[in-house]
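*Asks:* My questions all concern the structure below.
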Amino acid sequence: MAELTPHDMIGRLVGIPTVSRDSNLDLIDFVANYLDGYGFEAHLVRSDDGGKANLYATIGPEEPGGIVLSGHTDVVPIDGQDWSSDPFAPEVRDGRMFGRGTCDMKGFCALALSLVPEMQRLRRPIHFAFSYDEEVGCVGAPRMIRAIRANVPEPRAVIVGEPTSMQIVTGHKGILHFRSHVRGYEAHSSQQQRGVPAIMYAARLVNWMAEKQAALAAGGDLDERFEPAFTTLHCGVIHGGTAHNITSKDCHFEADIRSVPGVSARDFFDELERYAREVLEPMMHAIQPNTGIDFDVTSDVPSFAVDEDEPAVAMLRQLTGRNDSGVVPFAAECGQFQEEGFSVVMCGPGSIDQAHQPDEFISLEQVDAGLTFLRSVIGQQQELPR
Ligand SMILES: [Zn+2]
């Protein structure tokens with residue numbers, strides 16, 4: 001295979017559309033073939049239906065002390081967005097490369113891949129870990145992370161290359177997303193003794209969340225590095241009912257709980273569910289037995305926080321030449337790596353301000369910064385272990 005420049009490689013990856021709802025196998029095949037061309041074996045960890053896959057690979061010796069470069073291969077949809085150029089055919093204008101995934105986050109994966117020819121004489125390995133379905137609740141990565149844990153000699157750090165403008169990020173919130181279906185019973189709204197109004201019960205659940213958040217904001221488990229500093233509980237979608245004078249038969253809502261590090265979103269969800277089971281459902285059943293409240297947790301992504309004096313953070317400071325660090329409000333795969341015992345830091349090129357937007361771009365200056373950083377990672381892995 002002819003050598004691909006970093007720009008070529010971004011173009012190749014962005015040019016294979018991998019919106020989360022679609023398969024990412026064309027991209028995974030491309031990467032596996034590319035690595036094979038340099039004599040490196042890609043390991044695939046597939047989804048249950050086989051329609052998607054994670055990929056991990058080791059460049060260099062099968063030794064401990066490696067650095068994992070981690071990214072997700074899926075991108076968010078372009079539906080309803082007004083783009084100035086084809087989102088899947090990247091275009092450079094005004095020092096920026098435009099295209100879906102250029103910044104979030106095929107750019108990072110592409111830069112790392114484009115440097116494979118430079119990954120010579122490594123004394124300690126560099127590992128790639130590319131996941132699927134990050135954008136729909138980080139559902140692809142856990143099985144890959146377990147496979148890496150089982151099969152890869154202990155690496156000393158995982159770098160998750162989400163777009164942080166190359167800032168060192170040492171924390172993110174967790175997120176639990178759930179759907180609920182409140183099943184009521186229809187009657188004339190004047191006959192509350194016969195009807196079970198689903199919307200009214202859903203409203204109690206939503207209100208429980210609002211009151212819980214207010215209590216947390218007033219002083220529970222604050223983490224001042226975040227804005228806001230507390231765990232949030234938010235209902236973003238709700239629909240139900242057919243007329244003001246019919247007790248509603250159905251109400252559906254969707255909500256998320258974004259937890260600060262050290263706090264379990266699951267605990268709040270469990271508490272909400274107990275309220276539904278122990279308080280609300282008995283009230284509903286007293287009027288009509290065939291009613292109830294269903295919950296479906298669609299994703300539960302742990303929060304992430306790394307100690308400022310962990311070796312991985314010190315290493316990142318040395319590699320980037322930066323002393324500052326921060327946290328990000330969005331959830332990513334860092335907490336999942338951390339749960340499996342890896343030392344994790346988030347740091348990557350491009351700005352989250354351009355992610356998920358029409359005309360998403362990565363600036364060429366950030367491309368260069370990313371390459372400089374990755375070359376220093378390579379340089380460090382070429383040195384004798386200290
Ligand atoms: Zn991302």
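Identifiers in the structure tokens: chain A, B, ... in order shown; residue index from 1 per chain; ligand index from 1 in order shown.
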What residues have any atom no more than 10 Å from ligand 1 when counting only C-alpha atoms and all ligand atoms, and can you list them as a PyMOL selection string?

*Replies:* chain A and resi 71-76+101+103-106+134-135+138+160-163+330-333+352+355-356

*Asks:* Provide the atom CA of Ile159 of chain A to atom CA of Ser70 of chain A distance in Å, to one decimal place.

*Replies:*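 That distance, rounded to one decimal, is 6.0 Å.
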
*Asks:* Counting only C-alpha atoms, which of A:Leu122, A:Phe230, A:Pro64, A:Thr102 gets nearest to Ala218 of chain A?

*Replies:* A:Phe230

*Asks:* Given only C-alpha atoms as the basis, pick out the residue of A:Phe88, A:Ala141, A:Ser23, A:Pro77 nearest to Val45 of chain A.

*Replies:* A:Ala141

*Asks:* What residues in segment 93-208 of chain A get the DSSP label strand (DSSP E)? Please answer as JSON, numbers by chain.

*Replies:* {"A": [93, 96, 97, 98, 126, 127, 128, 129, 130, 131, 157, 158, 159, 160, 168, 169, 170, 171, 172, 174, 175, 176, 177, 178, 179, 180, 181, 182, 183]}

*Asks:* Take atom CA of Gly241 of chain A and atom CA of Tyr185 of chain A and report the distance between them in Å, one decimal.

*Replies:*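 Atom CA of Gly241 of chain A sits 10.7 Å away from atom CA of Tyr185 of chain A.
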
*Asks:* Which is closest to Pro61 of chain A among A:His172, A:Arg12, A:Arg46, A:Arg121, if we use only C-alpha atoms?

*Replies:*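 Of the candidates, the smallest distance to Pro61 of chain A is held by A:Arg121.
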
*Asks:* Determine which residues of segment 176-264 of chain A receive a DSSP assignment of alpha helix (DSSP H), computed from the backbone, and state them as a ChimeraX atom specification.

*Replies:* /A:198-217

*Asks:* Those same residues - all heavy atoms - I'd like them written as a compact mmCIF listing (two decimals), in the first residue's frame.

*Replies:*
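Below is the file that was written, out-v9.txt:
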```
# COMPACT_ATOMS: atom_id res chain seq x y z
N ALA A 198 -51.78 8.45 32.90
CA ALA A 198 -50.35 8.15 32.75
C ALA A 198 -49.49 9.40 32.83
O ALA A 198 -48.43 9.40 33.48
CB ALA A 198 -50.11 7.43 31.42
N ILE A 199 -49.95 10.47 32.22
CA ILE A 199 -49.14 11.70 32.21
C ILE A 199 -48.94 12.23 33.62
O ILE A 199 -47.84 12.67 33.98
CB ILE A 199 -49.82 12.79 31.34
CG1 ILE A 199 -49.79 12.38 29.86
CG2 ILE A 199 -49.14 14.14 31.53
CD1 ILE A 199 -50.59 13.31 28.96
N MET A 200 -49.98 12.16 34.42
CA MET A 200 -49.87 12.69 35.78
C MET A 200 -48.86 11.90 36.61
O MET A 200 -48.15 12.46 37.45
CB MET A 200 -51.24 12.68 36.47
CG MET A 200 -52.30 13.51 35.76
SD MET A 200 -51.88 15.27 35.67
CE MET A 200 -52.26 15.78 37.34
N TYR A 201 -48.78 10.59 36.36
CA TYR A 201 -47.78 9.78 37.08
C TYR A 201 -46.38 10.04 36.53
O TYR A 201 -45.40 10.11 37.29
CB TYR A 201 -48.16 8.30 37.04
CG TYR A 201 -49.28 8.00 37.99
CD1 TYR A 201 -50.62 7.97 37.56
CD2 TYR A 201 -49.03 7.81 39.35
CE1 TYR A 201 -51.65 7.74 38.45
CE2 TYR A 201 -50.06 7.59 40.25
CZ TYR A 201 -51.37 7.55 39.80
OH TYR A 201 -52.38 7.35 40.69
N ALA A 202 -46.29 10.19 35.21
CA ALA A 202 -44.98 10.54 34.63
C ALA A 202 -44.50 11.87 35.20
O ALA A 202 -43.30 12.04 35.51
CB ALA A 202 -45.08 10.61 33.11
N ALA A 203 -45.42 12.80 35.34
CA ALA A 203 -45.06 14.12 35.87
C ALA A 203 -44.48 14.00 37.28
O ALA A 203 -43.55 14.72 37.65
CB ALA A 203 -46.28 15.03 35.88
N ARG A 204 -45.02 13.07 38.07
CA ARG A 204 -44.47 12.88 39.43
C ARG A 204 -43.03 12.38 39.37
O ARG A 204 -42.18 12.76 40.17
CB ARG A 204 -45.31 11.88 40.20
CG ARG A 204 -46.67 12.42 40.62
CD ARG A 204 -47.43 11.30 41.31
NE ARG A 204 -48.81 11.67 41.57
CZ ARG A 204 -49.35 11.71 42.79
NH1 ARG A 204 -48.63 11.38 43.84
NH2 ARG A 204 -50.60 12.05 42.95
N LEU A 205 -42.78 11.48 38.41
CA LEU A 205 -41.42 10.97 38.27
C LEU A 205 -40.47 12.09 37.84
O LEU A 205 -39.36 12.22 38.36
CB LEU A 205 -41.38 9.82 37.25
CG LEU A 205 -42.08 8.54 37.69
CD1 LEU A 205 -42.31 7.60 36.50
CD2 LEU A 205 -41.26 7.82 38.77
N VAL A 206 -40.93 12.88 36.87
CA VAL A 206 -40.09 13.99 36.38
C VAL A 206 -39.86 14.98 37.52
O VAL A 206 -38.74 15.49 37.71
CB VAL A 206 -40.74 14.67 35.16
CG1 VAL A 206 -39.96 15.92 34.76
CG2 VAL A 206 -40.82 13.68 33.99
N ASN A 207 -40.90 15.22 38.29
CA ASN A 207 -40.75 16.15 39.41
C ASN A 207 -39.80 15.61 40.47
O ASN A 207 -39.02 16.36 41.06
CB ASN A 207 -42.12 16.45 40.02
CG ASN A 207 -42.04 17.59 41.01
OD1 ASN A 207 -41.54 18.67 40.69
ND2 ASN A 207 -42.47 17.35 42.24
N TRP A 208 -39.84 14.30 40.68
CA TRP A 208 -38.90 13.69 41.63
C TRP A 208 -37.47 14.01 41.19
O TRP A 208 -36.61 14.36 42.00
CB TRP A 208 -39.13 12.17 41.66
CG TRP A 208 -38.31 11.44 42.68
CD1 TRP A 208 -38.68 11.10 43.94
CD2 TRP A 208 -36.96 10.94 42.51
NE1 TRP A 208 -37.66 10.43 44.58
CE2 TRP A 208 -36.60 10.32 43.73
CE3 TRP A 208 -36.05 10.97 41.46
CZ2 TRP A 208 -35.35 9.72 43.91
CZ3 TRP A 208 -34.80 10.38 41.65
CH2 TRP A 208 -34.46 9.77 42.86
N MET A 209 -37.23 13.90 39.87
CA MET A 209 -35.90 14.20 39.34
C MET A 209 -35.53 15.66 39.57
O MET A 209 -34.40 15.99 39.96
CB MET A 209 -35.84 13.86 37.85
CG MET A 209 -35.96 12.36 37.57
SD MET A 209 -36.18 11.99 35.81
CE MET A 209 -34.71 12.69 35.13
N ALA A 210 -36.49 16.55 39.33
CA ALA A 210 -36.21 17.99 39.50
C ALA A 210 -35.87 18.29 40.96
O ALA A 210 -34.94 19.06 41.25
CB ALA A 210 -37.42 18.80 39.06
N GLU A 211 -36.62 17.68 41.87
CA GLU A 211 -36.36 17.95 43.29
C GLU A 211 -35.03 17.35 43.75
O GLU A 211 -34.32 17.93 44.56
CB GLU A 211 -37.52 17.42 44.14
CG GLU A 211 -38.75 18.29 43.96
CD GLU A 211 -39.90 17.93 44.88
OE1 GLU A 211 -39.86 16.85 45.50
OE2 GLU A 211 -40.82 18.76 44.97
N LYS A 212 -34.72 16.18 43.20
CA LYS A 212 -33.44 15.56 43.53
C LYS A 212 -32.29 16.45 43.07
O LYS A 212 -31.34 16.70 43.82
CB LYS A 212 -33.35 14.17 42.87
CG LYS A 212 -32.06 13.42 43.08
CD LYS A 212 -31.76 13.14 44.55
CE LYS A 212 -32.67 12.06 45.10
NZ LYS A 212 -32.30 11.76 46.53
N GLN A 213 -32.40 16.97 41.85
CA GLN A 213 -31.34 17.84 41.34
C GLN A 213 -31.22 19.11 42.19
O GLN A 213 -30.11 19.56 42.50
CB GLN A 213 -31.58 18.21 39.88
CG GLN A 213 -30.45 19.11 39.35
CD GLN A 213 -30.62 19.50 37.91
OE1 GLN A 213 -30.81 18.65 37.05
NE2 GLN A 213 -30.54 20.80 37.63
N ALA A 214 -32.36 19.66 42.56
CA ALA A 214 -32.32 20.88 43.39
C ALA A 214 -31.60 20.60 44.71
O ALA A 214 -30.80 21.42 45.18
CB ALA A 214 -33.74 21.38 43.63
N ALA A 215 -31.85 19.43 45.28
CA ALA A 215 -31.19 19.08 46.54
C ALA A 215 -29.69 18.92 46.32
O ALA A 215 -28.88 19.37 47.15
CB ALA A 215 -31.79 17.79 47.09
N LEU A 216 -29.30 18.32 45.20
CA LEU A 216 -27.88 18.14 44.92
C LEU A 216 -27.20 19.48 44.69
O LEU A 216 -26.08 19.72 45.14
CB LEU A 216 -27.69 17.23 43.70
CG LEU A 216 -28.09 15.77 43.90
CD1 LEU A 216 -28.18 15.04 42.57
CD2 LEU A 216 -27.10 15.08 44.83
N ALA A 217 -27.91 20.36 43.97
CA ALA A 217 -27.34 21.69 43.70
C ALA A 217 -27.14 22.46 44.99
O ALA A 217 -26.23 23.29 45.09
CB ALA A 217 -28.27 22.46 42.75
```

*Asks:* Do you know which residues are at most 12 Å from Ser165 of chain A counting only C-alpha atoms, after dropping those on the same chain fewer than 2 positions away, and could you put them as a count of residues only?

*Replies:* 35

*Asks:* Which residues, written as a PDB file with C-alpha atoms, in the first residue's frame, have at least one atom at most 12 Å from Thr247 of chain A, with only C-alpha atoms counted and residues fewer than 3 positions away on the same chain left out?

*Replies:*
```pdb
ATOM      1  CA  ARG A 183     -49.125   2.649  31.312  1.00  0.00           C
ATOM      2  CA  GLY A 184     -52.367   4.249  32.517  1.00  0.00           C
ATOM      3  CA  TYR A 185     -56.052   3.635  31.996  1.00  0.00           C
ATOM      4  CA  GLU A 186     -58.491   5.728  30.014  1.00  0.00           C
ATOM      5  CA  ALA A 187     -61.668   7.194  31.497  1.00  0.00           C
ATOM      6  CA  HIS A 188     -63.545  10.474  31.411  1.00  0.00           C
ATOM      7  CA  SER A 189     -61.301  12.934  33.161  1.00  0.00           C
ATOM      8  CA  SER A 190     -64.158  13.832  35.494  1.00  0.00           C
ATOM      9  CA  GLN A 191     -63.984  10.260  36.845  1.00  0.00           C
ATOM     10  CA  GLN A 192     -60.619  10.176  38.525  1.00  0.00           C
ATOM     11  CA  GLN A 193     -61.768   7.241  40.631  1.00  0.00           C
ATOM     12  CA  ARG A 194     -61.872   5.081  37.437  1.00  0.00           C
ATOM     13  CA  GLY A 195     -59.045   6.401  35.297  1.00  0.00           C
ATOM     14  CA  VAL A 196     -55.279   6.195  35.762  1.00  0.00           C
ATOM     15  CA  PRO A 197     -53.747   9.251  34.045  1.00  0.00           C
ATOM     16  CA  ALA A 198     -50.349   8.148  32.749  1.00  0.00           C
ATOM     17  CA  ILE A 199     -49.144  11.702  32.209  1.00  0.00           C
ATOM     18  CA  MET A 200     -49.875  12.688  35.783  1.00  0.00           C
ATOM     19  CA  TYR A 201     -47.782   9.784  37.080  1.00  0.00           C
ATOM     20  CA  GLY A 240     -48.567  11.083  25.754  1.00  0.00           C
ATOM     21  CA  GLY A 241     -52.301  11.568  25.932  1.00  0.00           C
ATOM     22  CA  THR A 242     -54.973  12.290  23.349  1.00  0.00           C
ATOM     23  CA  ALA A 243     -57.343  14.885  24.812  1.00  0.00           C
ATOM     24  CA  HIS A 244     -57.594  17.074  27.904  1.00  0.00           C
ATOM     25  CA  ASP A 250     -49.805   6.176  27.771  1.00  0.00           C
ATOM     26  CA  CYS A 251     -46.961   8.501  28.542  1.00  0.00           C
TER      27      CYS A 251
END
```

*Asks:* So that I can see what lies close to Leu280 of chain A, please list as a PyMOL selection string the residues with an atom at most 9 Å from it, counting only C-alpha atoms and leaving out residues fewer than 2 positions away in the same chain.

*Replies:* chain A and resi 201+204-205+275-278+282-285+292-293

*Asks:* Could you dump the residues just selected with C-alpha atoms as an mmCIF file, in the first residue's frame?

*Replies:*
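result-v1.cif written:
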```
data_model
loop_
_atom_site.group_PDB
_atom_site.id
_atom_site.type_symbol
_atom_site.label_atom_id
_atom_site.label_comp_id
_atom_site.auth_asym_id
_atom_site.auth_seq_id
_atom_site.Cartn_x
_atom_site.Cartn_y
_atom_site.Cartn_z
ATOM 1 C CA TYR A 201 -47.782 9.784 37.080
ATOM 2 C CA ARG A 204 -44.466 12.879 39.425
ATOM 3 C CA LEU A 205 -41.419 10.968 38.270
ATOM 4 C CA TYR A 275 -40.363 5.430 44.206
ATOM 5 C CA ALA A 276 -42.234 4.116 41.155
ATOM 6 C CA ARG A 277 -42.606 0.589 42.563
ATOM 7 C CA GLU A 278 -43.340 1.399 46.186
ATOM 8 C CA PRO A 282 -49.688 0.858 44.381
ATOM 9 C CA MET A 283 -51.710 4.036 43.819
ATOM 10 C CA MET A 284 -52.250 3.106 40.159
ATOM 11 C CA HIS A 285 -53.088 -0.516 40.907
ATOM 12 C CA GLY A 292 -47.718 0.264 35.667
ATOM 13 C CA ILE A 293 -44.397 1.900 34.959
#
```

*Asks:* Using only C-alpha atoms, pick whichever of A:Ile378, A:Val345, A:Ala157, A:Leu176 has the shortest atom-to-atom distance to Val136 of chain A.

*Replies:*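 Of all the options, A:Leu176 lies closest to Val136 of chain A.
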
*Asks:* What is the distance, in Å and to one decimal place, between atom CA of Asp256 of chain A and atom CA of Pro228 of chain A?

*Replies:*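 The value is 15.0 Å.
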
*Asks:* Using only C-alpha atoms, which of the listed residues (A:Leu113, A:Val260, A:Met144, A:Val306) sits closest to Leu35 of chain A?

*Replies:*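 For Leu35 of chain A, the nearest of the given residues is A:Leu113.
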
*Asks:* Fewer than 2 positions away in the same chain doesn't count, so skip those; otherwise give me all residues within 12 Å of Asp79 of chain A, counting only C-alpha atoms, as JSON, numbers by chain.

*Replies:* {"A": [19, 76, 77, 81, 82, 83, 87, 100, 356, 357, 358]}

*Asks:* Of the candidates A:Glu91, A:Ala53, A:His177, A:Pro155, which shows the shortest atom-to-atom distance to Phe130 of chain A, using only C-alpha atoms?

*Replies:*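 When distances to Phe130 of chain A are compared using only C-alpha atoms, the smallest one comes from A:Ala53.
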
*Asks:* Could you pull the residues within 12 Å of Asp86 of chain A, counting only C-alpha atoms, minus those fewer than 5 positions along the same chain, as a ChimeraX atom specification?

*Replies:* /A:11,14-15,17,78,81,91-92,97-100,358-360

*Asks:* How would the residues just picked look written out with all heavy atoms as an mmCIF file, in the first residue's frame?

*Replies:*
```cif
data_model
loop_
_atom_site.group_PDB
_atom_site.id
_atom_site.type_symbol
_atom_site.label_atom_id
_atom_site.label_comp_id
_atom_site.auth_asym_id
_atom_site.auth_seq_id
_atom_site.Cartn_x
_atom_site.Cartn_y
_atom_site.Cartn_z
ATOM 1 N N GLY A 11 -8.932 11.853 5.154
ATOM 2 C CA GLY A 11 -9.866 11.768 4.033
ATOM 3 C C GLY A 11 -10.430 10.372 3.856
ATOM 4 O O GLY A 11 -11.626 10.187 3.610
ATOM 5 N N VAL A 14 -12.854 9.591 6.934
ATOM 6 C CA VAL A 14 -14.083 10.387 6.872
ATOM 7 C C VAL A 14 -14.918 9.969 5.658
ATOM 8 O O VAL A 14 -16.147 10.009 5.694
ATOM 9 C CB VAL A 14 -13.745 11.897 6.839
ATOM 10 C CG1 VAL A 14 -14.993 12.742 6.575
ATOM 11 C CG2 VAL A 14 -13.096 12.323 8.150
ATOM 12 N N GLY A 15 -14.222 9.534 4.605
ATOM 13 C CA GLY A 15 -14.912 9.129 3.378
ATOM 14 C C GLY A 15 -15.679 7.826 3.490
ATOM 15 O O GLY A 15 -16.405 7.450 2.564
ATOM 16 N N PRO A 17 -18.618 6.546 5.452
ATOM 17 C CA PRO A 17 -19.603 7.007 6.425
ATOM 18 C C PRO A 17 -19.862 5.932 7.492
ATOM 19 O O PRO A 17 -20.113 4.774 7.165
ATOM 20 C CB PRO A 17 -20.865 7.243 5.587
ATOM 21 C CG PRO A 17 -20.385 7.347 4.173
ATOM 22 C CD PRO A 17 -19.173 6.453 4.100
ATOM 23 N N ILE A 78 -25.924 13.463 10.077
ATOM 24 C CA ILE A 78 -25.942 14.806 9.471
ATOM 25 C C ILE A 78 -27.373 15.246 9.164
ATOM 26 O O ILE A 78 -27.593 16.316 8.602
ATOM 27 C CB ILE A 78 -25.134 14.830 8.160
ATOM 28 C CG1 ILE A 78 -25.647 13.748 7.205
ATOM 29 C CG2 ILE A 78 -23.665 14.656 8.422
ATOM 30 C CD1 ILE A 78 -25.310 14.001 5.761
ATOM 31 N N GLN A 81 -28.957 18.861 8.878
ATOM 32 C CA GLN A 81 -27.893 19.863 9.008
ATOM 33 C C GLN A 81 -27.548 20.442 7.637
ATOM 34 O O GLN A 81 -27.566 19.736 6.648
ATOM 35 C CB GLN A 81 -26.626 19.243 9.629
ATOM 36 C CG GLN A 81 -26.812 18.786 11.061
ATOM 37 C CD GLN A 81 -25.501 18.367 11.720
ATOM 38 O OE1 GLN A 81 -24.504 18.112 11.053
ATOM 39 N NE2 GLN A 81 -25.519 18.306 13.043
ATOM 40 N N GLU A 91 -12.931 18.537 2.821
ATOM 41 C CA GLU A 91 -12.465 19.626 1.978
ATOM 42 C C GLU A 91 -11.690 20.583 2.863
ATOM 43 O O GLU A 91 -12.110 20.885 3.981
ATOM 44 C CB GLU A 91 -13.704 20.315 1.403
ATOM 45 C CG GLU A 91 -13.447 21.171 0.190
ATOM 46 C CD GLU A 91 -14.756 21.727 -0.364
ATOM 47 O OE1 GLU A 91 -15.538 20.945 -0.935
ATOM 48 O OE2 GLU A 91 -14.980 22.933 -0.205
ATOM 49 N N VAL A 92 -10.556 21.063 2.347
ATOM 50 C CA VAL A 92 -9.769 22.029 3.111
ATOM 51 C C VAL A 92 -10.093 23.433 2.612
ATOM 52 O O VAL A 92 -10.005 23.714 1.423
ATOM 53 C CB VAL A 92 -8.249 21.754 2.975
ATOM 54 C CG1 VAL A 92 -7.451 22.837 3.707
ATOM 55 C CG2 VAL A 92 -7.901 20.378 3.544
ATOM 56 N N MET A 97 -10.027 21.637 7.856
ATOM 57 C CA MET A 97 -10.484 20.488 7.099
ATOM 58 C C MET A 97 -11.905 20.162 7.572
ATOM 59 O O MET A 97 -12.128 19.837 8.741
ATOM 60 C CB MET A 97 -9.557 19.310 7.364
ATOM 61 C CG MET A 97 -9.748 18.171 6.406
ATOM 62 S SD MET A 97 -8.430 16.974 6.700
ATOM 63 C CE MET A 97 -8.201 16.332 5.073
ATOM 64 N N PHE A 98 -12.845 20.282 6.620
ATOM 65 C CA PHE A 98 -14.252 20.100 6.944
ATOM 66 C C PHE A 98 -14.706 18.674 6.629
ATOM 67 O O PHE A 98 -14.338 18.109 5.594
ATOM 68 C CB PHE A 98 -15.119 21.084 6.144
ATOM 69 C CG PHE A 98 -14.942 22.518 6.566
ATOM 70 C CD1 PHE A 98 -13.924 23.284 6.010
ATOM 71 C CD2 PHE A 98 -15.764 23.078 7.527
ATOM 72 C CE1 PHE A 98 -13.744 24.605 6.402
ATOM 73 C CE2 PHE A 98 -15.597 24.403 7.918
ATOM 74 C CZ PHE A 98 -14.576 25.170 7.355
ATOM 75 N N GLY A 99 -15.536 18.113 7.464
ATOM 76 C CA GLY A 99 -16.105 16.791 7.206
ATOM 77 C C GLY A 99 -16.598 16.170 8.500
ATOM 78 O O GLY A 99 -16.080 16.492 9.585
ATOM 79 N N ARG A 100 -17.601 15.289 8.397
ATOM 80 C CA ARG A 100 -18.153 14.646 9.590
ATOM 81 C C ARG A 100 -17.130 13.690 10.200
ATOM 82 O O ARG A 100 -16.692 12.754 9.540
ATOM 83 C CB ARG A 100 -19.425 13.884 9.219
ATOM 84 C CG ARG A 100 -20.016 13.050 10.343
ATOM 85 C CD ARG A 100 -20.278 13.838 11.638
ATOM 86 N NE ARG A 100 -21.565 14.497 11.662
ATOM 87 C CZ ARG A 100 -21.745 15.778 12.017
ATOM 88 N NH1 ARG A 100 -20.716 16.547 12.367
ATOM 89 N NH2 ARG A 100 -22.953 16.305 12.021
ATOM 90 N N PRO A 358 -23.045 21.066 11.893
ATOM 91 C CA PRO A 358 -22.819 21.175 10.449
ATOM 92 C C PRO A 358 -21.484 21.883 10.244
ATOM 93 O O PRO A 358 -21.069 22.681 11.082
ATOM 94 C CB PRO A 358 -23.988 22.041 9.960
ATOM 95 C CG PRO A 358 -24.527 22.718 11.170
ATOM 96 C CD PRO A 358 -24.220 21.835 12.347
ATOM 97 N N ASP A 359 -20.815 21.565 9.132
ATOM 98 C CA ASP A 359 -19.489 22.127 8.855
ATOM 99 C C ASP A 359 -18.498 21.849 9.985
ATOM 100 O O ASP A 359 -17.659 22.699 10.332
ATOM 101 C CB ASP A 359 -19.559 23.635 8.554
ATOM 102 C CG ASP A 359 -20.170 23.908 7.184
ATOM 103 O OD1 ASP A 359 -20.277 22.960 6.376
ATOM 104 O OD2 ASP A 359 -20.561 25.063 6.930
ATOM 105 N N GLU A 360 -18.605 20.643 10.563
ATOM 106 C CA GLU A 360 -17.575 20.201 11.527
ATOM 107 C C GLU A 360 -16.212 20.275 10.853
ATOM 108 O O GLU A 360 -16.069 19.930 9.696
ATOM 109 C CB GLU A 360 -17.864 18.743 11.940
ATOM 110 C CG GLU A 360 -16.774 18.133 12.839
ATOM 111 C CD GLU A 360 -17.051 16.666 13.206
ATOM 112 O OE1 GLU A 360 -18.186 16.193 12.995
ATOM 113 O OE2 GLU A 360 -16.110 16.003 13.687
#
```
